[in-house]
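Participant: Let me give you the structure first, and then I'll get to my questions.
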Amino acid sequence: MLRTREERSRIPRERPDGTRYYRPMDAFSDPQAVERYAAGPPRLVPGFADLHRMATILLSTHVPEDARLLVLGAGGGLELKAFAQAHPGWTFDGVDPSAEMLRLAERMLGDLASRARLHEGYIHDAPEGPFDGACSLLTLHFIEKEERLRTLQQVRRRLKPGAPFVAAHFSVSREERTYWFDRYVDFAVSSGIAEEQARRGRAAIEANVPILSPEEDEELLYAAGFSDVRLFYAAFTFRGWVARA
């Protein structure tokens with residue numbers, strides 16, 4: 001069930017130096033781009049299906065069979081579908097700023113959609129919980145550092161004590177960014193994406209997405225109140241962690 005709230009952005013549109021940064025709504029509000037979305041991540045994110053499988057395992061280790069889960073960046077519905085198929089007793093609250101992407105999530109879920117409540121907005125628009133666990137895949141890299149900390153704090157506040165949180169996104173140090181983004185392009189090309197298209201995508205990401213280093217990402221998780229932060233996924237430009245509330 002899609003619940004539309006008044007659109008409002010809590011993410012600054014400019015960095016402190018005045019340069020503009022990437023806003024998820026800009027990329028995911030075009031209906032044609034949204035329809036093509038599902039084909040993209042498997043060709044750009046190494047081990048994409050296994051990332052979903054690992055996230056499912058990490059969540060299931062700590063949540064009950066009838067768990068209620070919070071999914072931040074639920075538009076598209078790919079992880080929602082993977083979770084719902086693996087665990088018939090789980091229910092979900094998914095949050096995303098793009099109404100188009102949430103509609104795609106509904107279509108992606110199909111008969112499973114009755115187990116997911118979808119909310120248009122940001123973390124502040126999510127229900128208060130408390131949730132048995134939470135997940136954010138390929139989303140937090142869109143958020144500037146200070147706002148990312150506030151977002152993580154809001155996720156933490158909505159979780160039961162000890163609940164698991166799984167996150168994965170772009171995370172690479174500046175010193176190694178050139179090398180690993182070269183490999184990002186190589187992977188995209190090996191997946192059938194035209195080299196020029198892959199290079200344009202890489203340039204747009206490097207110019208506009210506020211990527212942090214793995215050390216910074218881990219520091220933010222601890223600063224937000226999470227504990228037992230463990231790296232579980234590393235694939236070229238991507239990293240993933242599991243932590244406990």
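Letters for chains follow the order of the structure tokens (A, B, ...), residue numbers begin at 1 for each chain, and ligand numbers begin at 1 in the order shown.
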Using only C-alpha atoms, which residues of stretch 119-173 of chain A come within 8 Å of stretch 62-73 of chain A, and what is the closest atom pair for each, with the distance in Å to one decimal? Give it as a Markdown table, sorted by chain and residue number.
Facilitator:
```
| residue | atom | partner | partner_atom | distance |
| --- | --- | --- | --- | --- |
| A:Tyr122 | CA | A:Leu72 | CA | 7.9 |
| A:Ile123 | CA | A:Leu72 | CA | 7.0 |
| A:Phe131 | CA | A:Arg68 | CA | 5.6 |
| A:Asp132 | CA | A:Arg68 | CA | 5.5 |
| A:Gly133 | CA | A:Leu69 | CA | 5.0 |
| A:Ala134 | CA | A:Leu70 | CA | 4.5 |
| A:Cys135 | CA | A:Val71 | CA | 5.0 |
| A:Ser136 | CA | A:Leu72 | CA | 4.9 |
| A:Leu137 | CA | A:Gly73 | CA | 7.1 |
| A:Leu138 | CA | A:Gly73 | CA | 7.8 |
| A:Thr139 | CA | A:Gly73 | CA | 5.7 |
| A:Ala163 | CA | A:His62 | CA | 6.9 |
| A:Pro164 | CA | A:His62 | CA | 6.5 |
```
Participant: Using only C-alpha atoms, which residues sit within 7 Å of A:Leu104 once same-chain residues fewer than 6 positions away are excluded, as a PyMOL selection string?
Facilitator: chain A and resi 75-77
Participant: Which one of A:Ala168, A:Ala116, A:Ala126, A:Leu80 sits closest to A:Gln154 if you count only C-alpha atoms?
Facilitator: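 Nearest candidate to A:Gln154 out of A:Ala168, A:Ala116, A:Ala126, A:Leu80: A:Ala126.
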Participant: Which residue is closest to A:Leu78? Choose from A:Gly240, A:Pro46, A:Gly121, A:Gly94 and count only C-alpha atoms.
Facilitator: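 Distance minimum relative to A:Leu78 lands on A:Gly94.
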Participant: Please extract the residues of stretch 13-243 of chain A with a backbone DSSP assignment of strand (DSSP E or B) and present them as a VMD selection string.
Facilitator: chain A and resid 14 20 68 to 72 91 to 96 116 to 120 131 133 to 137 159 164 to 171 212 227 to 235 238 to 243
Participant: So that I have them on file, write out the residues from the current selection with C-alpha atoms, as an mmCIF file, in the first residue's frame.
Facilitator:
```cif
data_model
loop_
_atom_site.group_PDB
_atom_site.id
_atom_site.type_symbol
_atom_site.label_atom_id
_atom_site.label_comp_id
_atom_site.auth_asym_id
_atom_site.auth_seq_id
_atom_site.Cartn_x
_atom_site.Cartn_y
_atom_site.Cartn_z
ATOM 1 C CA GLU A 14 24.585 22.326 -2.078
ATOM 2 C CA ARG A 20 25.774 21.044 -6.209
ATOM 3 C CA ARG A 68 8.731 -6.280 11.108
ATOM 4 C CA LEU A 69 11.532 -4.655 9.106
ATOM 5 C CA LEU A 70 12.330 -1.099 8.039
ATOM 6 C CA VAL A 71 13.802 -0.695 4.545
ATOM 7 C CA LEU A 72 15.347 2.689 3.768
ATOM 8 C CA THR A 91 6.455 -7.679 6.942
ATOM 9 C CA PHE A 92 7.976 -4.401 5.827
ATOM 10 C CA ASP A 93 7.781 -0.635 6.008
ATOM 11 C CA GLY A 94 9.683 0.809 3.048
ATOM 12 C CA VAL A 95 10.627 4.464 2.656
ATOM 13 C CA ASP A 96 11.767 6.231 -0.506
ATOM 14 C CA ALA A 116 4.731 -4.084 2.602
ATOM 15 C CA ARG A 117 3.634 -0.579 3.537
ATOM 16 C CA LEU A 118 5.403 1.977 1.358
ATOM 17 C CA HIS A 119 5.921 5.575 2.438
ATOM 18 C CA GLU A 120 6.987 8.423 0.186
ATOM 19 C CA PHE A 131 11.329 -2.522 14.278
ATOM 20 C CA GLY A 133 15.621 -4.940 12.008
ATOM 21 C CA ALA A 134 16.455 -2.515 9.224
ATOM 22 C CA CYS A 135 18.238 -2.428 5.917
ATOM 23 C CA SER A 136 19.526 0.211 3.498
ATOM 24 C CA LEU A 137 21.104 -1.024 0.275
ATOM 25 C CA LEU A 159 14.974 -0.204 16.214
ATOM 26 C CA PRO A 164 20.357 -5.734 13.262
ATOM 27 C CA PHE A 165 20.961 -3.048 10.665
ATOM 28 C CA VAL A 166 22.425 -3.951 7.272
ATOM 29 C CA ALA A 167 23.824 -1.275 4.949
ATOM 30 C CA ALA A 168 25.770 -1.413 1.685
ATOM 31 C CA HIS A 169 26.715 1.361 -0.722
ATOM 32 C CA PHE A 170 29.600 3.132 -2.485
ATOM 33 C CA SER A 171 32.460 3.439 -0.003
ATOM 34 C CA LEU A 212 32.854 8.447 2.071
ATOM 35 C CA SER A 227 27.605 -1.371 18.043
ATOM 36 C CA ASP A 228 29.265 -4.561 16.800
ATOM 37 C CA VAL A 229 29.884 -3.022 13.372
ATOM 38 C CA ARG A 230 31.193 -5.732 11.034
ATOM 39 C CA LEU A 231 32.188 -5.586 7.391
ATOM 40 C CA PHE A 232 30.498 -8.379 5.420
ATOM 41 C CA TYR A 233 30.715 -7.220 1.803
ATOM 42 C CA ALA A 234 33.501 -5.688 -0.283
ATOM 43 C CA ALA A 235 33.247 -5.460 -4.055
ATOM 44 C CA PHE A 238 31.153 -1.012 -2.674
ATOM 45 C CA ARG A 239 31.238 -1.979 0.994
ATOM 46 C CA GLY A 240 28.595 -3.431 3.300
ATOM 47 C CA TRP A 241 28.262 -3.662 7.086
ATOM 48 C CA VAL A 242 26.026 -5.239 9.650
ATOM 49 C CA ALA A 243 25.612 -3.548 13.029
#
```
Participant: Take atom CA of A:Arg156 and atom CA of A:Thr56 and report the distance between them in Å, one decimal.
Facilitator: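 Separation between atom CA of A:Arg156 and atom CA of A:Thr56: 18.8 Å.
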Participant: Determine which residues of stretch 32-206 of chain A receive a DSSP assignment of alpha helix (DSSP H), computed from the backbone, and state them as a VMD selection string.
Facilitator: chain A and resid 32 to 35 41 to 44 48 to 60 78 to 86 99 to 109 145 to 157 177 to 190 195 to 206
Participant: Quick one: pull the distance between atom CA of A:Ala49 and atom CA of A:Arg157, Å, one decimal.
Facilitator: 29.0 Å
Participant: Using only C-alpha atoms, which of the listed residues (A:Leu59, A:Leu102, A:Leu149, A:Ala204) sits closest to A:Leu221?
Facilitator: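 Counting only C-alpha atoms, the residue closest to A:Leu221 is A:Leu149.
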